[in-house]
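*Asks:* Here it is: the structure, laid out below.
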Amino acid sequence: MINQAIVIFGGSGDLTKRKLMPALYNLFNKGVINANSKIIATGRTKMSTQDYRLFFGDMDDQFLTIVEYLVLDPHNERDYIILKSRLESTGCSNYLYYLATPPSLYNVIPQNLKKVELNIEPNEIKECAAQRRIVIEKPFGYDLKSAEKMNRDLKTVFSEDQIYRIDHYLGKETVQNILALRFANSIFEPIWNRHHIDRVEITAVENMGIEDRGGFYDGVGALRDMVQNHLVQLMALVAMEPPVKFAQKEFRDEVVKVYNSLKPLSAQEIDSRVIRGQYIESMINRSKVLGYRDEKGVKKDSETETFVAIKLNISNWRWEGVPFYIRTGKRMPTKVTEIVIHFKKSPHKLFSSLASVPEQNVLIIRIQPNEGIVLKFDAKVPGKGFNVSQVPMEFTYDKLAQNGIEDAYSKLIQDAIVADSTLFTRSDAVEASWNFFDPIIAHWNSGKAPLYGYPAGSWGPLSADSIIEGDISFTNPCKNLTNTNIYCEL
Ligand code: BG6
């Protein structure tokens, strides 16, 4: 097994401490990274390797001996010479550069790596078949133009197959399970289309606010932070055609086709199909919760959205006419991500139903928490007469994962180490997604679109339901998720 040298830029940052190092520790314990490998965390903060290791006191020494800290200013070319000599001391190793930095460094760091030839794969210059790869975190650009520039700049240093754009949603087991559900079973695929599906809802809501990320979030907003990347990825998995095989090119080709099939929205359609909101001060459990504009780092007159609900149409043979409703928000009643597939009503009403529940099958794919799948169907209510009522059939994912579900970062970093880019976002997908969302952002920036307030802790602006056709509203997930059930009546 070839050794790995992993260089983290932004080594003293929050992402590294919370996600990357625990994931690398997990991979070390699994044997994916061996004791001859090296992790070089770099950062501007001056500290010794000894001091750096103290952040990770709960990890054992065997692992920590492969962790080093290097003081490196990303702008300083000379620091890369020191990095190079550290890397060369690892012998013939794969180098994986992880950019856990602000996007303003996504061009600076690769260009400086290039200056000292740290992008060049050694089989071109000496006898060692090691590879060089770079992992970058979203945001992949700010709009189509900046994404195109970012892709162009990166490709002057690394080729597309060396670039791993990480979207941690694709690393989630339950997200990958959408593919298994659709393509490993034969019962769903025949009904997975406009003839049988009435509408699809994708909800990813959080009860948290923006925490201490005000400075970052205020320039970004919910559409760029969640919808343009994570949520359209979920939509693509639900909507894509079966790839010929589960491999890098075939899978990612199908994702891009879905993005390219999104029906563009005119300014008028944006107003009626895209609702944006911003949370305002309210009381939750008798405590005052700040409004968005009062959060640290946020402008007092900020127009940044913390909530988006959008109705999308995928113009292709399978999905024509089936609306996809996507909704995300901060400071909502709970933290849940789920996909709800509503099937069409039965064509003829034979029985009377109890309550107001429509005779409509619903499949809920719960991404988090209490991961699992629920199929709701009608059953006869015991007793006289012939009344039907809806009942859930439930599968919880923890039944399969005795040792717990592996975190998304472990999965994706392992994939990057073994050069499997299937679950990483390709440049054409990034651009296709921006191509669709750019007009929405431009319309909002024109100042003509309304921004609705919603009380922190609520399900968002009331007008969000107006984008749904007919007399129906969004399916709100169960608020009380302390039990293990996926589904519960509200
Ligand atoms: C990140 C966003 O990409 O995803 C955050 O920047 C958001 O704002 C987070 O909170 C949600 O991720 P998860 O895995 O907790 O659903």
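Residues in the structure tokens are numbered from 1 in each chain, the chains being A, B, ... in the order shown, and ligands are numbered from 1 in the order shown.
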Ala419 in chain A: which residues within 12 Å, counting only C-alpha atoms, same-chain residues fewer than 3 positions away excluded, as a list in words?

*Replies:*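 Near neighbours after the sequence-gap exclusion: Gln4, Asn94, Tyr95, Leu96, Ala130, Gln131, Arg132, Arg133, Ile134, Val135, Asp161, Gln162, Ile163, Tyr164, Ala247, Gln248, Leu412, Ile413, Gln414, Asp415, Ala416, Thr422, Leu423 and Phe424 of chain A.
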
*Asks:* Contacts between ligand 1 and chain A, please, where a residue of chain A counts if it comes within 9 Å (with only C-alpha atoms and all ligand atoms); show its shortest atom pair and distance in Å to one decimal, rows by chain and ascending number, as a Markdown table.

*Replies:*
```
| residue | atom | partner | partner_atom_place_in_ligand_line | distance |
| --- | --- | --- | --- | --- |
| A:Glu137 | CA | ligand 1 | 3 (O) | 8.9 |
| A:Lys138 | CA | ligand 1 | 3 (O) | 7.3 |
| A:Pro139 | CA | ligand 1 | 3 (O) | 8.4 |
| A:Asp167 | CA | ligand 1 | 3 (O) | 7.6 |
| A:His168 | CA | ligand 1 | 14 (O) | 6.9 |
| A:Tyr169 | CA | ligand 1 | 14 (O) | 6.4 |
| A:Lys172 | CA | ligand 1 | 14 (O) | 8.1 |
| A:Ala204 | CA | ligand 1 | 16 (O) | 7.0 |
| A:Val205 | CA | ligand 1 | 16 (O) | 8.1 |
| A:Glu206 | CA | ligand 1 | 10 (O) | 7.1 |
| A:Met208 | CA | ligand 1 | 10 (O) | 7.8 |
| A:Gly209 | CA | ligand 1 | 10 (O) | 8.6 |
| A:Ile210 | CA | ligand 1 | 8 (O) | 7.1 |
| A:Arg213 | CA | ligand 1 | 8 (O) | 8.6 |
| A:Tyr217 | CA | ligand 1 | 8 (O) | 7.7 |
| A:Gly221 | CA | ligand 1 | 8 (O) | 8.8 |
| A:Ala222 | CA | ligand 1 | 8 (O) | 7.6 |
| A:Arg224 | CA | ligand 1 | 6 (O) | 8.9 |
| A:Asp225 | CA | ligand 1 | 6 (O) | 5.2 |
| A:Met226 | CA | ligand 1 | 2 (C) | 6.1 |
| A:Asn229 | CA | ligand 1 | 3 (O) | 8.5 |
| A:His230 | CA | ligand 1 | 3 (O) | 7.3 |
| A:Lys330 | CA | ligand 1 | 10 (O) | 7.9 |
| A:Lys335 | CA | ligand 1 | 16 (O) | 8.0 |
| A:Val336 | CA | ligand 1 | 16 (O) | 7.8 |
| A:Thr337 | CA | ligand 1 | 16 (O) | 6.9 |
| A:Ile367 | CA | ligand 1 | 16 (O) | 8.8 |
| A:Gln368 | CA | ligand 1 | 16 (O) | 7.6 |
| A:Ala408 | CA | ligand 1 | 14 (O) | 8.2 |
```

*Asks:* Could you pull out all residues of range 276-453 of chain A with a DSSP call of helix (DSSP H, G or I) and give them as a VMD selection string?

*Replies:* chain A and resid 292 to 294 397 to 399 408 to 417 427 to 445

*Asks:* For Val116 in chain A, which residue among A:Asn476, A:Gln228, A:Gln360, A:Asn76 is the nearest when counting only C-alpha atoms?

*Replies:*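 Among the listed residues, the smallest separation from Val116 in chain A belongs to A:Asn76.
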
*Asks:* Considering only C-alpha atoms, can you say which of A:Leu350, A:Val381, A:Ile339, A:Val175 comes closest to Arg327 in chain A?

*Replies:* A:Ile339

*Asks:* Contacts of Lys263 in chain A at 10 Å or less, counting only C-alpha atoms, minus same-chain residues fewer than 2 places along, as a list of chain:residue names?

*Replies:*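 My reading of the contact set: A:Tyr259, A:Asn260, A:Ser261, A:Leu265, A:Ser266, A:Leu312, A:Asn313, A:Ile314, A:Ser315, A:Asn316, A:Glu320, A:Phe436.
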